[in-house]
Amino acid sequence: MLEGKAMVKETDMPQKMQIQAMAFASRALDLYDVYDCVCIAGHIKKEFDKMYGNGWQCVVGSNFGCFFSHSKGTFIYFALETSNFLIYKAASS
């Protein structure tokens, strides 16, 4: 497990949810090859959907950019090992 080794770059999530995000990411890295970003992101998204309701999005990779709208208190961007993780809940329109 890699919990505690993540570097949070930006967030507006409550502390408890941040810890959960990093734990899910760490677990996904234990389960899947580090280069299998699709499976890693899918695992994290499904865990967030189960725990906090539907509408979560997850992007995993070493080099990406994006522009998005999110619900307040649901955004985190952090690095763990060689990957960056962006997790957020889509803003309702």
# chains A, B, ... in the order shown; residues from 1 in each chain; ligands from 1
call {"tool": "residues_around", "arguments": {"residues": "segment 6-22 of chain A", "least_positions_apart": "2", "cutoff": "12 Å", "atoms": "only C-alpha atoms", "output": "JSON, numbers by chain"}}
result
{"A": [1, 2, 3, 4, 24, 25, 26, 27, 28, 29, 41, 43, 44, 45, 46, 47, 48, 49, 51, 52, 56, 57, 58, 70, 71, 72, 73, 74, 75, 76, 77, 78, 79, 80, 81, 82, 83, 84, 85, 86, 87, 88, 89]}
call {"tool": "select_by_dssp", "arguments": {"residues": "chain A", "states": "strand (DSSP E or B)", "output": "list in words"}}
result
Met7, Val8, Lys9, Glu10, Thr11, Trp56, Gln57, Cys58, Val59, Val60, Gly61, His70, Ile76, Tyr77, Phe78, Ala79, Leu80, Ser83, Asn84, Phe85, Leu86, Ile87, Tyr88, Lys89 and Ala90 of chain A
call {"tool": "select_by_dssp", "arguments": {"residues": "chain A", "states": "alpha helix (DSSP H)", "output": "PyMOL selection string"}}
result
chain A and resi 15-31+37-52
call {"tool": "write_last_selection", "arguments": {"atoms": "C-alpha atoms", "output": "compact mmCIF listing (two decimals), in the first residue's frame"}}
result
# COMPACT_ATOMS: atom_id res chain seq x y z
CA GLN A 15 -9.86 15.77 4.49
CA LYS A 16 -11.69 12.46 5.03
CA MET A 17 -12.61 12.25 1.35
CA GLN A 18 -9.02 13.11 0.32
CA ILE A 19 -7.71 10.23 2.39
CA GLN A 20 -10.28 7.91 0.81
CA ALA A 21 -9.27 9.08 -2.70
CA MET A 22 -5.62 8.31 -2.03
CA ALA A 23 -6.49 4.93 -0.49
CA PHE A 24 -8.58 3.99 -3.55
CA ALA A 25 -5.73 5.05 -5.85
CA SER A 26 -3.20 3.07 -3.83
CA ARG A 27 -5.41 -0.02 -3.89
CA ALA A 28 -5.95 0.32 -7.67
CA LEU A 29 -2.17 0.49 -8.20
CA ASP A 30 -1.85 -2.71 -6.16
CA LEU A 31 -4.49 -4.44 -8.32
CA CYS A 37 -4.69 3.74 -16.59
CA VAL A 38 -8.16 2.80 -17.87
CA CYS A 39 -8.60 0.01 -15.29
CA ILE A 40 -7.10 2.14 -12.51
CA ALA A 41 -9.42 5.07 -13.26
CA GLY A 42 -12.43 2.75 -13.61
CA HIS A 43 -11.70 1.14 -10.24
CA ILE A 44 -11.46 4.52 -8.48
CA LYS A 45 -14.61 5.86 -10.20
CA LYS A 46 -16.64 2.79 -9.21
CA GLU A 47 -15.48 3.05 -5.59
CA PHE A 48 -16.42 6.74 -5.41
CA ASP A 49 -19.79 6.07 -7.07
CA LYS A 50 -20.51 3.36 -4.46
CA MET A 51 -19.41 5.46 -1.51
CA TYR A 52 -20.60 8.94 -2.50
call {"tool": "atom_distance", "arguments": {"atom1": "atom CA of Tyr35 of chain A", "atom2": "atom CA of Gly53 of chain A"}}
result
27.4 Å
call {"tool": "atom_distance", "arguments": {"atom1": "atom CA of Val60 of chain A", "atom2": "atom CA of Ala91 of chain A"}}
result
19.6 Å
